[in-house]
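A short write-up of the structure that comes next.
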Amino acid sequence: MKKIIVILLAISSLFGCGDSLNDNAISMNTANRSDAELRQLIIQKGDSSAYYELSTQYLDYGYQDFLFYALIMANKYNYPDAYMDVFDCLTTEYIDSIEMMDEETAKMAVDYLFKAYDNNQNQAIEFVNDYHIKKRQTDNVSQLKRIYGK
């Protein structure tokens, strides 16, 4: 009986320690520099390594707040990966219900997909070629449905 109690105490202490470890856990996606510094480097200099650090960090938070920085890097600095990130930001919320996306947003997403494609961004090339995405379509929602399997 004492062996069973000792085993139960040992098991419960292991689970108890796990909780305290999680309180101090740091995400693998945490940047080495502050968010403020990364944002400043992106806006003022188009720093691609700062952009990458910030994009990795946003994996933990979702991309909604990242759209602004993706637009800066795409439009101001012509950064190919940022064009694809704008596409991702615009479509991610609709992945499970792409048919709910309005046509204007779908057109914008496809436009940014093609900007990434025109700048030789690998994932954009795959999407355009594998899913037969065309520029200047009138039904961009249908094109996005092909990509997301809907």
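Chain labels A, B, ... are given in the sequence in which chains occur in the structure tokens; within each chain residues are numbered consecutively from 1, and ligands are likewise numbered from 1 in the order shown.
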Counting only C-alpha atoms, what are the residues of range 44-93 of chain A within 10 Å of range 124-144 of chain A, and for each of them which pair of atoms is the nearest and at what distance in Å, to one decimal? Sort the table by chain and rising number, as a Markdown table.
| residue | atom | partner | partner_atom | distance |
| --- | --- | --- | --- | --- |
| A:Pro80 | CA | A:Ala124 | CA | 9.4 |
| A:Asp81 | CA | A:Ala124 | CA | 9.1 |
| A:Tyr83 | CA | A:Ala124 | CA | 9.0 |
| A:Met84 | CA | A:Ala124 | CA | 6.7 |
| A:Phe87 | CA | A:Ala124 | CA | 9.3 |
| A:Thr91 | CA | A:Leu144 | CA | 8.4 |
With C-alpha atoms retained, export the selected residues as a PDB file, in the first residue's frame.
ATOM      1  CA  PRO A  80       8.076  39.632 -52.594  1.00  0.00           C
ATOM      2  CA  ASP A  81       7.291  37.690 -49.402  1.00  0.00           C
ATOM      3  CA  TYR A  83       2.956  40.446 -51.161  1.00  0.00           C
ATOM      4  CA  MET A  84       2.262  36.829 -50.265  1.00  0.00           C
ATOM      5  CA  PHE A  87      -2.631  37.600 -49.576  1.00  0.00           C
ATOM      6  CA  THR A  91      -7.689  35.158 -46.830  1.00  0.00           C
TER       7      THR A  91
END
Can you check which parts of range 25-94 of chain A lie within 12 Å of range 101-122 of chain A? Per residue, the shortest pair of atoms and distance in Å to one decimal, counting only C-alpha atoms, sorted by chain and number, as a Markdown table.
| residue | atom | partner | partner_atom | distance |
| --- | --- | --- | --- | --- |
| A:Leu67 | CA | A:Ala109 | CA | 11.9 |
| A:Ala70 | CA | A:Tyr112 | CA | 10.8 |
| A:Leu71 | CA | A:Tyr112 | CA | 9.8 |
| A:Met73 | CA | A:Ala116 | CA | 11.9 |
| A:Ala74 | CA | A:Tyr112 | CA | 8.8 |
| A:Asn75 | CA | A:Lys115 | CA | 10.0 |
| A:Asn78 | CA | A:Asn119 | CA | 8.5 |
| A:Tyr79 | CA | A:Asn119 | CA | 8.3 |
| A:Pro80 | CA | A:Ala116 | CA | 5.1 |
| A:Asp81 | CA | A:Gln121 | CA | 6.4 |
| A:Ala82 | CA | A:Ala116 | CA | 7.8 |
| A:Tyr83 | CA | A:Ala116 | CA | 5.0 |
| A:Met84 | CA | A:Ala116 | CA | 5.5 |
| A:Asp85 | CA | A:Tyr112 | CA | 8.7 |
| A:Val86 | CA | A:Tyr112 | CA | 6.6 |
| A:Phe87 | CA | A:Ala109 | CA | 4.8 |
| A:Asp88 | CA | A:Ala109 | CA | 7.9 |
| A:Cys89 | CA | A:Ala109 | CA | 8.7 |
| A:Leu90 | CA | A:Ala109 | CA | 6.0 |
| A:Thr91 | CA | A:Ala109 | CA | 7.0 |
| A:Thr92 | CA | A:Ala109 | CA | 10.5 |
| A:Glu93 | CA | A:Met101 | CA | 9.2 |
| A:Tyr94 | CA | A:Met101 | CA | 6.6 |
Expected answer as a PyMOL selection string: helix (DSSP H, G or I) residues in range 54-129 of chain A: chain A and resi 54-57+64-76+80-92+95-100+103-118+122-129
